[in-house]
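> Have a look at this one before I ask anything.
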Amino acid sequence: MTEDNDRYWESLAPGAGRRAPRADARTDARTLSLNGTWRFRLCADARGTGSAFLAHGFDDTAWDEIAVPSHWVLERVTTPGAAGPASLRGTADGPLYTNTAFPVPIDPPRVPTENPTGDYRLVFDAPDDWGRSVLRFQGVDSAAKVWLNGEELGWSTGSRLPVEFDAPVRPGRNVLAVRVHRWSAGTYLEDQDMWWLPGIFRDVEVIERPDGAVDDHHVHADYDPATGMGTLRVDADVPGLVEIPELGLRLEAGEEARIAVEPWSAETPRLYRGTLTSRGESIVLAVGFRRVEIQGGVLEVNGAPVFFRGVNRHEHHWDTGRTLDRETMVADVVAMKRHNINAVRTSHYPPHPEFLRLCDEYGLWVVEECDLETHGFIYAGWDGNPASDPRWAAAMLDRVRRMVERDKNRPSVVVWSLANESWVGDNFATLEEWVRRRDPSRPILYERDPSYRNSDFYSLMYPDLERLDAIGRREEDRPEGIDDSADARRRGLPFLLVEYAHAMGNGPGSLADYHAVMRNHERICGGFVWEWIDHGFRQVDAADREFVMHGGDVDYRPNGGRYCLDGLLFADRTPSPALAELAAVLQPLEFEHGAMGLTVRNARDHADTADLSLRWRLELDGRTLDTGSLDLPVLGPRDEAVLPLPTSAGEDPGEWWVTVEAVLRDGALWAPAGHVVARHQVLLADVPRRQRSSRVLPPSVPLSGGDIELGPGRFDSATGRLISLGGIPVDGPLLDLYRAPTENDRGQGGRNNLAAVWSAVGLDRMLHRTDAVEVAGDALVVRSRVAAATHPHAAGVQYRWSADDDALRLDVTVDFLGPWTDTPYQQRDIAVPRLGLRLGLPGDYGGLAWFGRGPDESYRDSRSAALVGRYEAAIDDLQVGYPVPQENGNHMDTRWLEITGAPGLPRLRVEGLPRFDFTARRWTSEDLERARHPHDLRDTGRVWVNLDHAQAGLGSASVGPALPERYRIPRRRTAWSLRFVTTL
Ligand code: IPT
């Protein structure tokens with residue numbers, strides 16, 4: 001039996017033999033990158049390959065080659081017993097996704113004997129004059145033991161944190177051997193909602209440490225908003241000279257200077273570059289002067305309240321997992337800046353240090369979170385939770401220290417977050433005390449302890465709007481079990497909405513609602529949408545079709561299923577419609593049109609508007625008539641001005657709209673000149689059209705059998721159904737009450753599962769029965785009853801058709817009949833997702849033009865990004881390829897829609913009286929619902945167009961509150977009208 005102290009991977013200690021954590025820095029000290037191709041052997045348990053691989057002479061040519069950094073589960077490697085390397089993706093040996101559950105039995109700190117272990121080997125050369133050095137791993141998941149030239153250097157846990165060893169690197173040939181275990185005691189502290197991805201997944205380097213090199217340095221760069229003066233002191237463990245040429249500063253390490261500076265903020269990321277030079281090396285400094293304070297329960301930076309327009313960002317790439325290259329990090333930062341996001345919570349671990357350097361440079365507020373989450377103890381009733389077990393204090397503190405020490409010099413980091421979802425425990429007091437002592441310059445966040453005793457913020461996840469508003473007023477309910485004084489303290493804290501708006505599938509809804517509530521209360525320093533990017537992997541199926549793999553595509557339990565696909569970016573980093581919506585909601589200029597003109601408010605906290613200019617365009621029914629620019633006075637933070645509208649409506653009939661856009665005057669680091677940061681539309685006038693005089697046609701009723709003709713329409717006299725329209729063979733229009741459920745429609749854990757209610761009442765399988773086909777004056781009236789098998793409840797529909805010369809008019813009236821209560825659900829909850837009509841057209845149709853909201857999808861609770869205008873698109877381009885097929889592509893407030901086909905086919909124009917929602921696709925809602933992946937969707941040979949009175953909102957119920965009542969469609973008598981015109 002192995003001695004317990006040999007089982008280091010199950011040790012409560014976080015590591016051994018490691019150097020003390022220190023600040024991340026760029027240095028001119030000689031550095032050898034050890035990234036590249038290593039040798040690798042995957043083993044079934046923690047013994048690995050034994051000890052032979054440490055030796056210089058070991059022959060590793062039969063081992064796999066592997067890229068470092070990478071996760072071995074995403075590479076081609078040989079599994080124990082197999083003949084050659086293969087991809088583990090999609091297998092139980094591959095990437096595994098759990099949301100809250102532990103992948104190991106709960107028995108801390110032990111892990112199963114089945115513990116995939118990778119032995120890594122690298123032979124590298126050091127120059128002849130190479131001296132003393134350290135070996136640094138920026139991230140190894142989850143536990144690693146390291147040997148250099150046969151000598152054991154130590155071992156470590158803490159996957160998303162750096163570790164350094166003193167490394168006796170020799171001039172000439174060196175052999176580095178690393179053993180990495182998939183599961184370890186560290187696993188119990190790393191139960192974040194994400195894929196389990198083992199391996200050496202961040203950079204490995206050897207850094208020379210000449211005599212007098214800087215071990216650690218601490219930049220103190222304060223800004224006094226009252227005087228405009230900055231204070232700089234750089235502490236170092238060795239004598240050194242600090243130089244900031246731009247400020248004419250030369251001072252000793254440890255010495256303090258006061259000097260007039262421009263402060264750093266996310267909106268004005270003013271960095272002063274310089275160096276710290278000691279006898280042994282020169283370190284790059286990027287100094288941002290700023291002060292973070294909580295004053296009167298409000299978070300301030302540089303004396304001004306600050307508002308986080310934030311997102312939660314996991315590190316993810318659909319090929320390489322949490323191994324990201326710099327280009328990908330830049331892409332993330334640029335995309336955030338371009339979408340008006342100004343803050344990132346590094347959920348739920350410190351990111352690659354380069355990402356934070358980019359945040360300093362491009363300007364993003366960072367809430368940096370420690371690599372610490374014990375969520376899975378929820379399945380043990382929190383029994384044994386490390387947070388409340390003193391034996392785990394050292395390992396927890398080790399993580400927080402490694403984060404704070406690494407990133408203490410980053411101006412972008414303004415809040416330290418101790419952990420995510422780890423419930424309560426005294427160990428958090430230990431962490432808090434240590435952080436306060438080490439870095440009093442930043443506030444501390446811990447969201448989960450209801451007493452908030454270790455947090456400078458009150459914080460929650462996914463509250464509904466009413467609760468959030470009460471919090472803003474400091475009138476929220478008291479959390480259970482909290483005494484008066486703790487409650488009073490908590491109520492005095494600023495509020496940070498650490499997660500909201502669950503962007504899973506189509507959604508979230510209510511981004512604009514949340515933003516409005518948050519902006520209304522100074523207590524609320526902003527929020528962070530969950531989350532930035534879908535964690536899906538690019539994968540091919542047996543038929544070689546590419547798809548985005550989620551947890552449920554791996555046959556493994558426990559399995560977090562699709563919950564890893566909840567980002568604003570799709571896994572391939574294309575923005576989802578939700579990101580455009582977020583950008584529109586977060587725009588840094590706010591507009592309001594009133595009698596006095598157009599009020600423009602600078603919604604920024606620290607920057608004025610000198611970088612922006614305004615331009616406008618005048619449109620009549622979506623056609624541009626005139627454009628121009630508008631003077632924008634330089635508005636200070638939170639200032640406003642009233643501008644006269646630059647143009648006015650004419651007399652021609654139609655809708656006169658002016659659209660104002662704020663654009664970057666000059667290029668910024670993150671976007672070119674002309675990039676649009678804010679938009680606003682004003683309806684100047686809706687000039688009525690003169691009534692055309694047209695000839696009303698009566699229906700021609702056949703004597704026996706035959707079809708009924710009415711204007712351009714031909715109807716089946718028995719069913720009353722439209723057969724052709726201006727010569728186009730059609731299916732329907734027929735009442736449609738259903739949509740393919742979105743992730744949010746399915747709720748979470750049995751709560752708010754609207755989709756289940758819809759299915760229980762049969763909305764997904766309604767049968768249509770014609771009860772009457774009558775000629776009433778000039779109209780054809782068709783009465784129908786629409787109901788599902790098994791149930792007595794129904795929708796009663798009246799289709800009233802009338803015609804003039806060239807058009808067919810349809811007036812629809814829907815009633816809800818019967819009890820609608822014959823299900824396990826209460827009738828009150830049975831709102832329908834859609835109240836509309838489904839029309840089938842020949843598959844030769846494919847082109848669309850419309851006047852209404854666009855160009856991208858819009859829903860009643862997500863329509864800020866979709867401006868009113870005239871748009872054109874191919875049907876195929878209107879499909880939003882959610883990786884799990886579901887309702888998508890709705891367009892609200894459509895005035896008219898034109899559908900065109902192959903040359904020679906009549907053009908069909910549908911006019912709203914006054915408006916409708918449309919969706920067009922080559923498959924039905926039922927097909928969408930059935931498909932598991934987008935490639936399951938097949939062209940049915942028909943085009944299915946929905947012409948809807950309304951569709952329900954999206955909400956955020958996949959993790960969040962129920963869809964607000966006002967975004968549901970009540971079951972009550974409803975009527976709407978459309979006009980159909982066909983032209984050749
Ligand atoms: C919250 C988690 O912090 C986050 O990691 C993610 O899992 C999110 O939920 C849902 O996708 S925790 C949840 C219990 C509210």
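Scheme for the structure tokens: letters A, B, ... for chains in order shown; per-chain residue numbers from 1; ligand numbers from 1 in order shown.
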Leaving out stretch 699-715 of chain A and any residue of its chain fewer than 5 positions from it, which residues lie within 8 Å of it when counting only C-alpha atoms, given as number ranges by chain?
A: 720-727, 775, 778-780, 802-808, 982
> Select the residues contacting ligand 1 at a distance of at most 10 Å, based on only C-alpha atoms and all ligand atoms, then format the selection as a PyMOL selection string.
chain A and resi 98-100+191-194+312+314+347-348+373+375+419-422+447-448+460-463+498-504+530-531+560+562-567+748+958-960
> Write out as a PyMOL selection string the residues lying within 12 Å of stretch 648-650 of chain A, counting only C-alpha atoms and excluding same-chain residues fewer than 4 positions away.
chain A and resi 597+616-621+625-627+644+654-659+682-687
> Using the chain letters and numbers from this document, which residues of stretch 719-887 of chain A does DSSP assign to strand (DSSP E), as a PyMOL selection string?
chain A and resi 722-725+728-729+731-736+766-776+779-788+794-804+807-817+834-842+845-854+867-874
> Mind running stretch 184-269 of chain A against stretch 663-680 of chain A at 12 Å and telling me each contacting residue's nearest atom pair with the distance in Å (one decimal), counting only C-alpha atoms, chain and number ascending, as a tab-separated table?

residue	atom	partner	partner_atom	distance
A:Glu267	CA	A:Ala668	CA	11.4
A:Thr268	CA	A:Ala668	CA	11.2
A:Pro269	CA	A:Leu669	CA	10.7
> Restricting it to N, CA, C and O atoms, dump the selection as a PDB file, in the first residue's frame.

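Writing the result to result37.pdb gives the following:
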ATOM      1  N   GLU A 267     -12.835  53.718 -19.674  1.00  0.00           N
ATOM      2  CA  GLU A 267     -13.213  54.577 -20.806  1.00  0.00           C
ATOM      3  C   GLU A 267     -12.038  55.415 -21.292  1.00  0.00           C
ATOM      4  O   GLU A 267     -12.029  55.880 -22.433  1.00  0.00           O
ATOM      5  N   THR A 268     -11.085  55.648 -20.413  1.00  0.00           N
ATOM      6  CA  THR A 268      -9.891  56.427 -20.774  1.00  0.00           C
ATOM      7  C   THR A 268      -8.680  55.654 -20.270  1.00  0.00           C
ATOM      8  O   THR A 268      -8.111  55.984 -19.238  1.00  0.00           O
ATOM      9  N   PRO A 269      -8.322  54.591 -20.979  1.00  0.00           N
ATOM     10  CA  PRO A 269      -7.287  53.687 -20.447  1.00  0.00           C
ATOM     11  C   PRO A 269      -5.882  54.274 -20.609  1.00  0.00           C
ATOM     12  O   PRO A 269      -5.045  53.779 -21.364  1.00  0.00           O
TER      13      PRO A 269
END
> Check stretch 731-853 of chain A with DSSP on the backbone and list each residue it calls alpha helix (DSSP H), as a PyMOL selection string.
chain A and resi 754-760
> Would you output that residue set with all heavy atoms, as a short mmCIF file (atom, residue, chain, number, x, y, z; two decimals), in the first residue's frame?

data_model
loop_
_atom_site.label_atom_id
_atom_site.label_comp_id
_atom_site.auth_asym_id
_atom_site.auth_seq_id
_atom_site.Cartn_x
_atom_site.Cartn_y
_atom_site.Cartn_z
N LEU A 754 -42.40 26.22 -19.57
CA LEU A 754 -43.54 26.54 -20.43
C LEU A 754 -43.69 25.50 -21.53
O LEU A 754 -44.80 25.14 -21.92
CB LEU A 754 -43.34 27.93 -21.05
CG LEU A 754 -43.26 29.10 -20.07
CD1 LEU A 754 -42.96 30.39 -20.81
CD2 LEU A 754 -44.57 29.23 -19.31
N ALA A 755 -42.57 25.02 -22.04
CA ALA A 755 -42.62 24.07 -23.14
C ALA A 755 -43.40 22.82 -22.74
O ALA A 755 -44.16 22.27 -23.54
CB ALA A 755 -41.21 23.70 -23.58
N ALA A 756 -43.21 22.39 -21.49
CA ALA A 756 -43.93 21.21 -21.03
C ALA A 756 -45.43 21.48 -20.96
O ALA A 756 -46.25 20.62 -21.27
CB ALA A 756 -43.40 20.78 -19.66
N VAL A 757 -45.80 22.70 -20.59
CA VAL A 757 -47.21 23.06 -20.53
C VAL A 757 -47.79 23.06 -21.94
O VAL A 757 -48.87 22.50 -22.18
CB VAL A 757 -47.38 24.45 -19.88
CG1 VAL A 757 -48.86 24.84 -19.84
CG2 VAL A 757 -46.79 24.47 -18.49
N TRP A 758 -47.09 23.64 -22.86
CA TRP A 758 -47.58 23.70 -24.24
C TRP A 758 -47.81 22.30 -24.80
O TRP A 758 -48.78 22.03 -25.48
CB TRP A 758 -46.59 24.45 -25.13
CG TRP A 758 -46.32 25.85 -24.68
CD1 TRP A 758 -47.13 26.63 -23.90
CD2 TRP A 758 -45.16 26.63 -24.95
NE1 TRP A 758 -46.54 27.86 -23.69
CE2 TRP A 758 -45.34 27.88 -24.32
CE3 TRP A 758 -43.98 26.41 -25.67
CZ2 TRP A 758 -44.38 28.90 -24.40
CZ3 TRP A 758 -43.03 27.40 -25.75
CH2 TRP A 758 -43.22 28.65 -25.11
N SER A 759 -46.85 21.43 -24.50
CA SER A 759 -46.96 20.08 -25.01
C SER A 759 -48.12 19.37 -24.31
O SER A 759 -48.89 18.64 -24.94
CB SER A 759 -45.63 19.38 -24.79
OG SER A 759 -45.80 18.01 -24.89
N ALA A 760 -48.28 19.60 -23.00
CA ALA A 760 -49.37 18.95 -22.27
C ALA A 760 -50.74 19.35 -22.80
O ALA A 760 -51.67 18.55 -22.82
CB ALA A 760 -49.26 19.28 -20.78
#
> By how many Å are atom CA of A:Glu592 and atom CA of A:Tyr362 apart?
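Computing the Euclidean distance for atom CA of A:Glu592 and atom CA of A:Tyr362 yields 29.7 Å.
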> Near A:Gly836, within 10 Å and counting only C-alpha atoms, which residues show up once chain neighbours fewer than 2 positions away are dropped, as a PyMOL selection string?
chain A and resi 733-738+812+814+833-834+838-839+916-918+946-951+976
> Counting only C-alpha atoms, which residue out of A:Trp195, A:Tyr120, A:Trp896, A:Phe816 sits closest to A:Pro95?
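Selected residue with least distance to A:Pro95: A:Trp195.
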> What gap, in Å, lies between atom CA of A:Trp72 and atom CA of A:Ala144?
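Atom CA of A:Trp72 sits 14.0 Å away from atom CA of A:Ala144.
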> Find the distance between atom CA of A:Gly381 and atom CA of A:Ser142 and write it in Å to one decimal.
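We find that atom CA of A:Gly381 and atom CA of A:Ser142 lie 25.0 Å from each other.
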> Determine, counting only C-alpha atoms, which protein, DNA and RNA residues have an atom within 9 Å of an atom of A:Arg258; residues of the same chain fewer than 3 positions away are not included. Present the result as a ChimeraX atom specification.
/A:229-232
